[in-house]
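Printed here is work-v1.cif (mmCIF, C-alpha atoms and all ligand atoms):
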data_run
loop_
_atom_site.group_PDB
_atom_site.id
_atom_site.type_symbol
_atom_site.label_atom_id
_atom_site.label_comp_id
_atom_site.auth_asym_id
_atom_site.auth_seq_id
_atom_site.Cartn_x
_atom_site.Cartn_y
_atom_site.Cartn_z
ATOM 1 C CA MET A 1 -31.667 14.673 -28.448
ATOM 2 C CA TRP A 2 -32.054 14.410 -32.240
ATOM 3 C CA ASN A 3 -35.827 14.852 -32.050
ATOM 4 C CA GLN A 4 -35.407 18.010 -29.973
ATOM 5 C CA ILE A 5 -32.870 19.369 -32.444
ATOM 6 C CA ALA A 6 -35.184 18.537 -35.351
ATOM 7 C CA ASP A 7 -38.091 20.335 -33.626
ATOM 8 C CA ARG A 8 -35.948 23.417 -33.137
ATOM 9 C CA ILE A 9 -34.895 23.372 -36.810
ATOM 10 C CA SER A 10 -38.587 23.105 -37.794
ATOM 11 C CA GLN A 11 -39.414 26.085 -35.557
ATOM 12 C CA VAL A 12 -36.716 28.437 -36.801
ATOM 13 C CA SER A 13 -37.052 27.474 -40.475
ATOM 14 C CA SER A 14 -40.876 27.270 -40.404
ATOM 15 C CA THR A 15 -40.555 24.019 -42.367
ATOM 16 C CA LYS A 16 -41.243 20.598 -40.872
ATOM 17 C CA PHE A 17 -37.959 18.740 -40.382
ATOM 18 C CA GLN A 18 -37.478 15.178 -39.145
ATOM 19 C CA VAL A 19 -34.192 13.308 -38.994
ATOM 20 C CA GLU A 20 -34.374 10.389 -41.428
ATOM 21 C CA SER A 21 -30.667 9.625 -41.492
ATOM 22 C CA ARG A 22 -27.577 10.743 -39.647
ATOM 23 C CA ARG A 23 -23.893 10.169 -40.218
ATOM 24 C CA SER A 24 -20.752 11.203 -38.460
ATOM 25 C CA VAL A 25 -18.535 13.808 -40.187
ATOM 26 C CA SER A 26 -14.877 13.585 -39.228
ATOM 27 C CA GLY A 27 -12.277 16.323 -39.296
ATOM 28 C CA GLY A 28 -13.236 18.478 -36.312
ATOM 29 C CA CYS A 29 -10.689 19.228 -33.602
ATOM 30 C CA ILE A 30 -13.058 20.032 -30.776
ATOM 31 C CA ASN A 31 -16.577 18.798 -31.423
ATOM 32 C CA GLN A 32 -18.361 15.806 -32.910
ATOM 33 C CA GLY A 33 -19.760 16.635 -36.343
ATOM 34 C CA TYR A 34 -22.822 15.078 -37.975
ATOM 35 C CA ALA A 35 -24.763 15.368 -41.194
ATOM 36 C CA ILE A 36 -28.487 15.003 -40.573
ATOM 37 C CA THR A 37 -30.923 14.540 -43.429
ATOM 38 C CA GLY A 38 -34.708 14.522 -43.690
ATOM 39 C CA ASN A 39 -37.459 15.981 -45.892
ATOM 40 C CA GLU A 40 -34.788 16.302 -48.616
ATOM 41 C CA LEU A 41 -32.803 18.746 -46.515
ATOM 42 C CA THR A 42 -29.361 18.271 -44.947
ATOM 43 C CA TYR A 43 -27.820 20.153 -42.028
ATOM 44 C CA PHE A 44 -24.398 20.080 -40.377
ATOM 45 C CA VAL A 45 -24.550 19.696 -36.597
ATOM 46 C CA LYS A 46 -21.788 20.068 -34.022
ATOM 47 C CA ILE A 47 -22.274 18.383 -30.659
ATOM 48 C CA ASN A 48 -20.407 18.859 -27.378
ATOM 49 C CA GLN A 49 -21.057 18.744 -23.638
ATOM 50 C CA ALA A 50 -23.873 20.952 -22.334
ATOM 51 C CA SER A 51 -21.299 23.205 -20.636
ATOM 52 C CA GLN A 52 -19.993 24.245 -24.080
ATOM 53 C CA VAL A 53 -23.200 25.968 -25.176
ATOM 54 C CA ASP A 54 -21.593 29.426 -24.836
ATOM 55 C CA MET A 55 -18.882 28.364 -27.264
ATOM 56 C CA PHE A 56 -21.519 27.438 -29.845
ATOM 57 C CA GLU A 57 -23.486 30.625 -29.259
ATOM 58 C CA ALA A 58 -20.321 32.690 -29.792
ATOM 59 C CA GLU A 59 -19.553 30.769 -32.995
ATOM 60 C CA ALA A 60 -23.096 31.392 -34.257
ATOM 61 C CA PHE A 61 -22.868 35.129 -33.447
ATOM 62 C CA GLY A 62 -19.504 35.327 -35.217
ATOM 63 C CA LEU A 63 -20.842 33.585 -38.317
ATOM 64 C CA LYS A 64 -23.849 35.916 -38.374
ATOM 65 C CA GLN A 65 -21.620 38.958 -38.140
ATOM 66 C CA MET A 66 -19.413 37.700 -40.947
ATOM 67 C CA LEU A 67 -22.524 36.982 -43.061
ATOM 68 C CA ALA A 68 -23.761 40.513 -42.420
ATOM 69 C CA THR A 69 -20.688 41.940 -44.164
ATOM 70 C CA ARG A 70 -21.906 40.259 -47.410
ATOM 71 C CA THR A 71 -18.336 39.582 -48.412
ATOM 72 C CA ILE A 72 -16.988 36.040 -47.967
ATOM 73 C CA ARG A 73 -19.168 32.940 -47.711
ATOM 74 C CA VAL A 74 -19.488 31.288 -44.302
ATOM 75 C CA PRO A 75 -21.994 28.599 -43.256
ATOM 76 C CA GLU A 76 -25.242 30.111 -42.057
ATOM 77 C CA PRO A 77 -25.997 29.205 -38.423
ATOM 78 C CA ILE A 78 -29.546 27.871 -38.054
ATOM 79 C CA CYS A 79 -29.994 27.222 -34.313
ATOM 80 C CA TRP A 80 -28.066 26.248 -31.191
ATOM 81 C CA GLY A 81 -28.749 25.318 -27.578
ATOM 82 C CA ILE A 82 -28.961 22.372 -25.212
ATOM 83 C CA ALA A 83 -30.797 19.122 -25.940
ATOM 84 C CA ASP A 84 -30.752 16.376 -23.318
ATOM 85 C CA HIS A 85 -27.262 16.672 -21.826
ATOM 86 C CA SER A 86 -25.486 17.993 -24.911
ATOM 87 C CA SER A 87 -25.020 21.351 -26.562
ATOM 88 C CA TYR A 88 -25.481 21.670 -30.297
ATOM 89 C CA LEU A 89 -24.998 24.078 -33.182
ATOM 90 C CA VAL A 90 -26.887 23.472 -36.424
ATOM 91 C CA MET A 91 -25.569 25.023 -39.627
ATOM 92 C CA GLU A 92 -26.325 25.080 -43.290
ATOM 93 C CA TRP A 93 -24.807 21.995 -44.985
ATOM 94 C CA LEU A 94 -22.024 22.760 -47.456
ATOM 95 C CA GLU A 95 -20.883 20.550 -50.363
ATOM 96 C CA PHE A 96 -17.154 20.926 -50.802
ATOM 97 C CA GLY A 97 -15.423 20.730 -54.182
ATOM 98 C CA ARG A 98 -12.035 21.115 -55.793
ATOM 99 C CA ALA A 99 -10.045 24.260 -55.068
ATOM 100 C CA THR A 100 -8.814 26.050 -58.187
ATOM 101 C CA THR A 101 -6.335 28.907 -58.507
ATOM 102 C CA GLN A 102 -9.246 31.147 -59.381
ATOM 103 C CA ALA A 103 -11.110 30.145 -56.193
ATOM 104 C CA TRP A 104 -8.058 30.869 -53.996
ATOM 105 C CA GLU A 105 -7.671 34.270 -55.612
ATOM 106 C CA GLU A 106 -11.333 34.999 -54.973
ATOM 107 C CA MET A 107 -10.938 33.878 -51.358
ATOM 108 C CA GLY A 108 -8.158 36.441 -50.962
ATOM 109 C CA ARG A 109 -10.259 39.204 -52.522
ATOM 110 C CA LYS A 110 -13.315 38.381 -50.423
ATOM 111 C CA LEU A 111 -11.372 38.137 -47.166
ATOM 112 C CA ALA A 112 -9.884 41.546 -47.970
ATOM 113 C CA ALA A 113 -13.417 42.885 -48.484
ATOM 114 C CA MET A 114 -14.472 41.496 -45.094
ATOM 115 C CA HIS A 115 -11.447 43.171 -43.519
ATOM 116 C CA GLN A 116 -12.526 46.456 -45.113
ATOM 117 C CA ALA A 117 -16.131 46.220 -43.966
ATOM 118 C CA GLY A 118 -15.602 48.170 -40.713
ATOM 119 C CA GLY A 119 -18.203 47.979 -37.960
ATOM 120 C CA SER A 120 -16.233 48.924 -34.861
ATOM 121 C CA SER A 121 -14.066 51.773 -33.614
ATOM 122 C CA GLN A 122 -12.417 49.577 -30.973
ATOM 123 C CA PHE A 123 -10.607 46.261 -30.757
ATOM 124 C CA GLY A 124 -12.325 43.301 -29.109
ATOM 125 C CA TRP A 125 -15.793 41.902 -29.459
ATOM 126 C CA GLU A 126 -19.220 41.904 -27.840
ATOM 127 C CA ARG A 127 -18.360 38.742 -25.871
ATOM 128 C CA ASN A 128 -15.511 36.377 -25.128
ATOM 129 C CA ASN A 129 -15.230 33.334 -27.359
ATOM 130 C CA THR A 130 -12.759 30.466 -27.765
ATOM 131 C CA ILE A 131 -9.647 29.704 -29.788
ATOM 132 C CA GLY A 132 -9.626 25.925 -30.080
ATOM 133 C CA SER A 133 -11.101 25.204 -26.670
ATOM 134 C CA THR A 134 -9.100 27.940 -24.873
ATOM 135 C CA PRO A 135 -11.020 31.053 -23.773
ATOM 136 C CA GLN A 136 -10.323 34.082 -25.965
ATOM 137 C CA ILE A 137 -10.711 37.395 -24.134
ATOM 138 C CA ASN A 138 -12.288 40.192 -26.184
ATOM 139 C CA THR A 139 -12.578 43.124 -23.751
ATOM 140 C CA TRP A 140 -13.129 46.298 -25.831
ATOM 141 C CA THR A 141 -9.851 48.239 -26.028
ATOM 142 C CA GLU A 142 -8.994 51.422 -27.910
ATOM 143 C CA ASN A 143 -5.356 50.702 -28.598
ATOM 144 C CA TRP A 144 -4.403 47.683 -30.698
ATOM 145 C CA GLY A 145 -1.006 47.161 -29.037
ATOM 146 C CA ASP A 146 -2.575 47.152 -25.564
ATOM 147 C CA PHE A 147 -5.263 44.734 -26.702
ATOM 148 C CA PHE A 148 -2.873 42.277 -28.326
ATOM 149 C CA ALA A 149 -0.283 42.488 -25.536
ATOM 150 C CA GLU A 150 -2.757 41.926 -22.709
ATOM 151 C CA HIS A 151 -5.619 39.853 -24.090
ATOM 152 C CA ARG A 152 -3.749 37.759 -26.620
ATOM 153 C CA ILE A 153 -0.084 37.197 -25.662
ATOM 154 C CA GLY A 154 -0.349 38.043 -21.944
ATOM 155 C CA TYR A 155 -3.401 35.886 -21.352
ATOM 156 C CA GLN A 156 -1.932 32.840 -23.118
ATOM 157 C CA LEU A 157 1.423 33.353 -21.385
ATOM 158 C CA GLN A 158 -0.246 33.193 -17.978
ATOM 159 C CA LEU A 159 -2.016 29.977 -18.954
ATOM 160 C CA ALA A 160 1.272 28.560 -20.279
ATOM 161 C CA LYS A 161 3.095 29.340 -17.039
ATOM 162 C CA ARG A 162 0.287 27.714 -15.063
ATOM 163 C CA ARG A 163 0.723 24.677 -17.279
ATOM 164 C CA GLY A 164 4.343 24.478 -16.129
ATOM 165 C CA GLY A 165 6.072 26.062 -19.129
ATOM 166 C CA SER A 166 9.222 28.074 -18.636
ATOM 167 C CA PHE A 167 8.867 31.511 -20.242
ATOM 168 C CA PRO A 168 10.048 35.097 -19.608
ATOM 169 C CA ASP A 169 8.080 37.071 -17.017
ATOM 170 C CA TYR A 170 4.570 38.256 -17.831
ATOM 171 C CA PRO A 171 5.046 42.021 -17.178
ATOM 172 C CA GLN A 172 8.251 42.062 -19.242
ATOM 173 C CA VAL A 173 6.626 40.308 -22.198
ATOM 174 C CA VAL A 174 3.505 42.480 -22.109
ATOM 175 C CA GLU A 175 5.636 45.653 -22.101
ATOM 176 C CA VAL A 176 7.803 44.419 -24.971
ATOM 177 C CA VAL A 177 4.720 43.541 -27.046
ATOM 178 C CA LYS A 178 3.212 46.989 -26.373
ATOM 179 C CA ASP A 179 6.466 48.625 -27.484
ATOM 180 C CA PHE A 180 6.686 46.353 -30.522
ATOM 181 C CA LEU A 181 3.218 47.445 -31.659
ATOM 182 C CA ALA A 182 3.457 51.070 -30.476
ATOM 183 C CA ASP A 183 3.409 52.428 -34.053
ATOM 184 C CA ARG A 184 0.820 50.011 -35.354
ATOM 185 C CA MET A 185 -2.546 51.733 -35.467
ATOM 186 C CA PRO A 186 -4.777 49.766 -37.809
ATOM 187 C CA GLU A 187 -8.485 50.300 -38.355
ATOM 188 C CA PRO A 188 -10.315 47.537 -36.461
ATOM 189 C CA SER A 189 -11.255 44.785 -38.948
ATOM 190 C CA LEU A 190 -13.647 41.933 -38.379
ATOM 191 C CA VAL A 191 -11.228 38.982 -38.461
ATOM 192 C CA HIS A 192 -11.837 35.249 -38.753
ATOM 193 C CA GLY A 193 -9.338 34.708 -35.959
ATOM 194 C CA ASP A 194 -8.381 31.058 -36.630
ATOM 195 C CA LEU A 195 -7.623 31.016 -40.342
ATOM 196 C CA TRP A 196 -5.424 27.963 -40.845
ATOM 197 C CA SER A 197 -5.835 25.846 -43.983
ATOM 198 C CA GLY A 198 -8.262 23.414 -42.273
ATOM 199 C CA ASN A 199 -10.745 26.289 -41.908
ATOM 200 C CA ALA A 200 -10.696 27.390 -45.557
ATOM 201 C CA ALA A 201 -12.333 25.450 -48.393
ATOM 202 C CA VAL A 202 -14.013 25.730 -51.774
ATOM 203 C CA LEU A 203 -17.582 24.636 -52.493
ATOM 204 C CA GLU A 204 -18.494 22.404 -55.429
ATOM 205 C CA THR A 205 -19.824 25.563 -57.103
ATOM 206 C CA GLY A 206 -16.277 26.976 -56.974
ATOM 207 C CA GLU A 207 -17.157 29.527 -54.288
ATOM 208 C CA PRO A 208 -14.586 29.938 -51.479
ATOM 209 C CA VAL A 209 -15.794 29.554 -47.892
ATOM 210 C CA ILE A 210 -14.234 29.977 -44.446
ATOM 211 C CA LEU A 211 -15.320 27.925 -41.422
ATOM 212 C CA ASP A 212 -15.064 27.660 -37.672
ATOM 213 C CA PRO A 213 -14.121 31.266 -36.791
ATOM 214 C CA ALA A 214 -12.856 32.805 -33.549
ATOM 215 C CA THR A 215 -14.157 36.219 -34.579
ATOM 216 C CA TYR A 216 -13.211 39.605 -33.123
ATOM 217 C CA TYR A 217 -12.252 43.098 -34.255
ATOM 218 C CA GLY A 218 -8.488 43.206 -34.636
ATOM 219 C CA ASP A 219 -5.594 43.933 -36.947
ATOM 220 C CA ARG A 220 -6.411 42.248 -40.281
ATOM 221 C CA GLU A 221 -2.822 41.000 -40.412
ATOM 222 C CA VAL A 222 -3.604 38.365 -37.747
ATOM 223 C CA ASP A 223 -5.601 36.434 -40.358
ATOM 224 C CA ILE A 224 -2.913 36.710 -43.031
ATOM 225 C CA ALA A 225 -0.203 35.718 -40.553
ATOM 226 C CA MET A 226 -2.111 32.613 -39.544
ATOM 227 C CA THR A 227 -2.588 31.520 -43.169
ATOM 228 C CA GLU A 228 1.214 31.261 -43.276
ATOM 229 C CA LEU A 229 1.535 29.302 -40.039
ATOM 230 C CA PHE A 230 0.512 25.688 -40.706
ATOM 231 C CA GLY A 231 1.345 24.826 -44.298
ATOM 232 C CA GLY A 232 0.346 28.105 -45.904
ATOM 233 C CA PHE A 233 -2.159 29.043 -48.591
ATOM 234 C CA PRO A 234 -1.391 29.084 -52.347
ATOM 235 C CA ALA A 235 0.176 32.214 -53.862
ATOM 236 C CA ALA A 236 -3.132 32.986 -55.613
ATOM 237 C CA PHE A 237 -4.741 33.720 -52.235
ATOM 238 C CA TYR A 238 -2.205 36.450 -51.408
ATOM 239 C CA ARG A 239 -2.407 37.832 -54.944
ATOM 240 C CA GLY A 240 -6.172 38.222 -54.593
ATOM 241 C CA TYR A 241 -5.885 39.765 -51.128
ATOM 242 C CA ASN A 242 -3.296 42.317 -52.204
ATOM 243 C CA GLN A 243 -5.346 43.339 -55.247
ATOM 244 C CA VAL A 244 -8.079 44.606 -52.924
ATOM 245 C CA PHE A 245 -6.287 45.606 -49.706
ATOM 246 C CA PRO A 246 -2.484 45.561 -50.002
ATOM 247 C CA LEU A 247 -0.616 44.592 -46.838
ATOM 248 C CA ASP A 248 1.138 47.393 -44.960
ATOM 249 C CA GLU A 249 4.864 47.743 -44.610
ATOM 250 C CA GLY A 250 6.199 45.903 -41.572
ATOM 251 C CA TYR A 251 3.826 42.958 -41.901
ATOM 252 C CA GLU A 252 6.708 40.453 -42.077
ATOM 253 C CA ARG A 253 8.069 41.763 -38.787
ATOM 254 C CA ARG A 254 4.700 41.612 -37.027
ATOM 255 C CA LYS A 255 3.853 38.163 -38.416
ATOM 256 C CA THR A 256 5.990 36.269 -35.865
ATOM 257 C CA LEU A 257 4.383 38.134 -32.983
ATOM 258 C CA TYR A 258 0.852 37.509 -34.287
ATOM 259 C CA ASN A 259 1.549 33.803 -34.760
ATOM 260 C CA LEU A 260 3.131 33.520 -31.316
ATOM 261 C CA TYR A 261 -0.429 33.750 -29.984
ATOM 262 C CA HIS A 262 -1.391 30.523 -31.777
ATOM 263 C CA ILE A 263 1.813 28.721 -30.818
ATOM 264 C CA LEU A 264 1.295 29.600 -27.144
ATOM 265 C CA ASN A 265 -2.280 28.372 -27.527
ATOM 266 C CA HIS A 266 -1.009 25.119 -29.040
ATOM 267 C CA PHE A 267 1.318 24.726 -26.076
ATOM 268 C CA ASN A 268 -1.667 25.233 -23.775
ATOM 269 C CA LEU A 269 -3.781 22.742 -25.717
ATOM 270 C CA PHE A 270 -1.219 20.103 -26.675
ATOM 271 C CA GLY A 271 2.053 20.826 -24.783
ATOM 272 C CA GLY A 272 5.133 19.194 -26.263
ATOM 273 C CA GLY A 273 7.489 21.057 -28.590
ATOM 274 C CA TYR A 274 5.220 24.088 -28.907
ATOM 275 C CA GLY A 275 6.790 25.457 -25.699
ATOM 276 C CA SER A 276 10.273 25.650 -27.214
ATOM 277 C CA GLN A 277 8.852 27.022 -30.483
ATOM 278 C CA ALA A 278 7.079 29.761 -28.488
ATOM 279 C CA ASN A 279 10.319 30.552 -26.641
ATOM 280 C CA ARG A 280 12.254 30.815 -29.922
ATOM 281 C CA MET A 281 9.643 33.232 -31.291
ATOM 282 C CA LEU A 282 9.681 35.253 -28.055
ATOM 283 C CA GLY A 283 13.475 35.363 -28.275
ATOM 284 C CA GLN A 284 13.275 36.843 -31.796
ATOM 285 C CA ILE A 285 10.748 39.448 -30.672
ATOM 286 C CA LEU A 286 12.745 40.428 -27.572
ATOM 287 C CA ALA A 287 15.950 40.622 -29.634
ATOM 288 C CA SER A 288 14.391 42.903 -32.256
ATOM 289 C CA GLN A 289 13.333 45.539 -29.682
HETATM 290 P P1 LIG B 301 -14.570 21.787 -34.960
HETATM 291 O O1 LIG B 301 -15.333 22.949 -34.396
HETATM 292 O O2 LIG B 301 -14.802 20.528 -34.196
HETATM 293 O O3 LIG B 301 -13.099 22.064 -35.176
HETATM 294 P P2 LIG B 301 -15.049 22.222 -37.806
HETATM 295 O O4 LIG B 301 -15.914 23.414 -37.884
HETATM 296 O O5 LIG B 301 -13.594 22.413 -38.097
HETATM 297 O O6 LIG B 301 -15.220 21.485 -36.399
HETATM 298 O O7 LIG B 301 -15.661 21.112 -38.765
HETATM 299 C C1 LIG B 301 -15.131 19.803 -38.855
HETATM 300 C C2 LIG B 301 -15.230 19.289 -40.275
HETATM 301 O O8 LIG B 301 -16.599 19.166 -40.654
HETATM 302 C C3 LIG B 301 -14.615 20.230 -41.301
HETATM 303 O O9 LIG B 301 -13.281 19.932 -41.524
HETATM 304 C C4 LIG B 301 -15.463 19.994 -42.532
HETATM 305 O O10 LIG B 301 -14.932 18.910 -43.275
HETATM 306 C C5 LIG B 301 -16.800 19.591 -41.985
HETATM 307 N N1 LIG B 301 -17.755 20.732 -41.990
HETATM 308 C C6 LIG B 301 -17.674 21.840 -41.228
HETATM 309 N N2 LIG B 301 -18.705 22.662 -41.471
HETATM 310 C C7 LIG B 301 -19.468 22.048 -42.398
HETATM 311 C C8 LIG B 301 -20.699 22.396 -43.081
HETATM 312 N N3 LIG B 301 -21.345 23.533 -42.793
HETATM 313 N N4 LIG B 301 -21.180 21.524 -43.994
HETATM 314 C C9 LIG B 301 -20.530 20.366 -44.249
HETATM 315 N N5 LIG B 301 -19.392 19.971 -43.653
HETATM 316 C C10 LIG B 301 -18.864 20.798 -42.730
#
Show how you would write the structure in this file as structure tokens.
Amino acid sequence: MWNQIADRISQVSSTKFQVESRRSVSGGCINQGYAITGNELTYFVKINQASQVDMFEAEAFGLKQMLATRTIRVPEPICWGIADHSSYLVMEWLEFGRATTQAWEEMGRKLAAMHQAGGSSQFGWERNNTIGSTPQINTWTENWGDFFAEHRIGYQLQLAKRRGGSFPDYPQVVEVVKDFLADRMPEPSLVHGDLWSGNAAVLETGEPVILDPATYYGDREVDIAMTELFGGFPAAFYRGYNQVFPLDEGYERRKTLYNLYHILNHFNLFGGGYGSQANRMLGQILASQ
């Protein structure tokens, strides 16, 4: 497998590459990560079962689209495919460093610039991708409320019910979410889609970087909401973001709904207490209508 991957890297980079050393990189939730080095070059490689090649292709496309906005740094995808019985995604290797207040502020400013970059008149994306290992449905939709109600909350709710969770009925929830977002008509922004603190870092050069996206065109507030979900980002991040693209009124109200998507997904991935957390959030949303 490693020789095939090395040959592919040589092809796409037009520079001979051979794996001289390889080590495992921990920290991933879904895939096995490796650093491979040879000819004084290092690459980061993610490996999974062959059946997951679409997931890697979607990640590579998302990274390329984010790169094309020339706003926030993301790892450059080099190549992806199937070698032996595994799928792989090779990326530029990044050296991480210490996060400073200045770097967090810059991350906020650059994320805001990515959110302002435009690129679509509809919500969705050119293909489905994954959130964690759950499918994420990106059917192009004109109305944000319809998109979020059906393809984000509705889809996860159906999976959660199939998993045995006890939740309010699908049609009722979808209607409530549509009503909740009826006045929300944002411009479609390219969003990272899975922006928890484990997917944000600072390079040794001090440059902020975001990793492992679940990209689509959506309401930019989904990214900001998720930064607040698991631990939160430092105040400097929000300061930087608001300097460039201040949040709209009503964000605080929408935040719970946007994060419900990730909590339902966590219930679908991990079960346990996420079901009752999702029900509490749903209760708040239903009560506020
Ligand atoms: P997964 O898709 O399995 O969740 P991640 O993309 O989150 O994997 O990566 C797992 C870990 O590998 C990260 O926490 C980070 O420490 C490291 N990592 C990710 N991308 C790179 C990269 N381009 N260069 C170096 N290390 C990386």
Just give me the gap between atom CA of A:Leu63 and atom CA of A:Ala214 in Å, one decimal is fine.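 Atom-to-atom, atom CA of A:Leu63 to atom CA of A:Ala214, that is 9.3 Å.
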Fewer than 2 positions away in the same chain doesn't count, so skip those; otherwise give me all residues within 8 Å of stretch 65-72 of chain A, counting all atoms listed in the file, as a PDB file with C-alpha atoms, in the coordinates of the input.
ATOM      1  CA  PHE A  61     -22.868  35.129 -33.447  1.00  0.00           C
ATOM      2  CA  GLY A  62     -19.504  35.327 -35.217  1.00  0.00           C
ATOM      3  CA  LEU A  63     -20.842  33.585 -38.317  1.00  0.00           C
ATOM      4  CA  VAL A  74     -19.488  31.288 -44.302  1.00  0.00           C
ATOM      5  CA  GLU A  76     -25.242  30.111 -42.057  1.00  0.00           C
ATOM      6  CA  MET A 107     -10.938  33.878 -51.358  1.00  0.00           C
ATOM      7  CA  LYS A 110     -13.315  38.381 -50.423  1.00  0.00           C
ATOM      8  CA  LEU A 111     -11.372  38.137 -47.166  1.00  0.00           C
ATOM      9  CA  ALA A 113     -13.417  42.885 -48.484  1.00  0.00           C
ATOM     10  CA  MET A 114     -14.472  41.496 -45.094  1.00  0.00           C
ATOM     11  CA  ALA A 117     -16.131  46.220 -43.966  1.00  0.00           C
ATOM     12  CA  LEU A 190     -13.647  41.933 -38.379  1.00  0.00           C
ATOM     13  CA  PRO A 208     -14.586  29.938 -51.479  1.00  0.00           C
ATOM     14  CA  VAL A 209     -15.794  29.554 -47.892  1.00  0.00           C
ATOM     15  CA  ILE A 210     -14.234  29.977 -44.446  1.00  0.00           C
TER      16      ILE A 210
END
Hey, which bits of chain A sit within 6 Å of ligand LIG 301 (chain B), and for each residue what's the closest pair of atoms and how far apart in Å (one decimal), counting all atoms listed in the file, rows by chain and increasing number, as CSV?
residue,atom,partner,partner_atom,distance
A:Val25,CA,B:LIG301,O8,5.7
A:Ser26,CA,B:LIG301,C2,5.8
A:Gly27,CA,B:LIG301,C2,4.3
A:Gly28,CA,B:LIG301,O2,3.3
A:Cys29,CA,B:LIG301,O3,4.0
A:Ile30,CA,B:LIG301,O2,3.9
A:Asn31,CA,B:LIG301,O2,3.7
A:Gly33,CA,B:LIG301,O8,5.9
A:Phe44,CA,B:LIG301,N4,5.1
A:Pro75,CA,B:LIG301,N3,5.1
A:Met91,CA,B:LIG301,N3,5.5
A:Glu92,CA,B:LIG301,N3,5.2
A:Trp93,CA,B:LIG301,N4,3.8
A:Leu94,CA,B:LIG301,N4,3.8
A:Leu211,CA,B:LIG301,O4,5.8
A:Asp212,CA,B:LIG301,O4,4.3
Once the PyMOL selection byres (((chain A and resi 192) around 6) and not hetatm) is applied to the coordinates I shared, what remains selected? I want it as a list in words. Val191, Gly193, Asp194, Pro213, Ala214 and Thr215 of chain A
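What the PyMOL selection byres (((chain A and resi 262) around 10) and not hetatm) matches in the given file is Ile131, Gly132, Arg152, Ile153, Gln156, Gly193, Asp194, Met226, Leu229, Leu257, Tyr258, Asn259, Leu260, Tyr261, Ile263, Leu264, Asn265, His266, Phe267, Asn268, Tyr274 and Ala278 of chain A.
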Is it possible to get the residues within 10 Å of (-16.2, 51.6, -31.0) (coordinates as in the file, counting all atoms listed in the file) written as a PyMOL selection string? chain A and resi 119-125+140-142+188+217
Could you name the residues that touch A:Ser86 at 10 Å or less, counting only C-alpha atoms, but leaving out those on the same chain fewer than 2 positions away, as a list in words? Met1, Ile47, Asn48, Gln49, Ala50, Ser51, Gln52, Val53, Gly81, Ile82, Ala83, Asp84 and Tyr88 of chain A
Can you tell me which residues surround A:Lys178 at a distance of at most 9 Å, considering only C-alpha atoms, apart from same-chain residues fewer than 3 positions away, and format the answer as a PyMOL selection string? chain A and resi 144-150+173-175+181-182
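Atom to atom, atom CA of A:His151 and atom CA of A:Trp80 stand 27.2 Å apart.
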Would you give me, as a tab-separated table, each residue of stretch 90-154 of chain A having an atom within 6 Å of an atom of stretch 235-243 of chain A, along with its shortest atom pair and that distance in Å to one decimal, using all atoms listed in the file and sorting by chain and residue number?
residue	atom	partner	partner_atom	distance
A:Thr101	CA	A:Ala236	CA	5.9
A:Trp104	CA	A:Phe237	CA	4.7
A:Glu105	CA	A:Gly240	CA	4.3
A:Gly108	CA	A:Tyr241	CA	4.0
A:Arg109	CA	A:Tyr241	CA	4.6
A:Ala112	CA	A:Tyr241	CA	5.4
Generate a file of the selected residues that holds C-alpha atoms, formatted as a PDB file, in the coordinates of the input.
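Below you can see again-v5.pdb, which holds the result:
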ATOM      1  CA  THR A 101      -6.335  28.907 -58.507  1.00  0.00           C
ATOM      2  CA  TRP A 104      -8.058  30.869 -53.996  1.00  0.00           C
ATOM      3  CA  GLU A 105      -7.671  34.270 -55.612  1.00  0.00           C
ATOM      4  CA  GLY A 108      -8.158  36.441 -50.962  1.00  0.00           C
ATOM      5  CA  ARG A 109     -10.259  39.204 -52.522  1.00  0.00           C
ATOM      6  CA  ALA A 112      -9.884  41.546 -47.970  1.00  0.00           C
TER       7      ALA A 112
END
Give me the residues near A:Phe96 as a list in words, where near means some atom within 9 Å (using all atoms listed in the file) and where sequence neighbours in that chain fewer than 2 positions away do not count.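 Final neighbour list, sorted by chain and number: Leu94, Arg98, Ala99, Ala201, Val202, Leu203, Glu204, Thr205 and Gly206 of chain A.
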Point-to-point distance in Å for atom CA of A:Glu126 and atom CA of A:Gln4: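 Between these atoms lies a distance of 28.9 Å.
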Just want the 9 Å neighbourhood of stretch 248-250 of chain A, counted on only C-alpha atoms, with same-chain residues fewer than 4 positions away dropped. Output as number ranges by chain. A: 221, 254-255
From the options A:Val176, A:Val45, A:Ala35, A:Val222, which residue's atoms come nearest to A:Glu95, counting only C-alpha atoms?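 Checking each of A:Val176, A:Val45, A:Ala35, A:Val222 against A:Glu95, counting only C-alpha atoms, the winner is A:Ala35.
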Using all atoms listed in the file, find the one residue out of A:Leu286, A:Ile5, A:Gly271, A:Tyr155 that sits nearest to A:Gln136.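 Looking at the shortest contact to A:Gln136, the residue is A:Tyr155.
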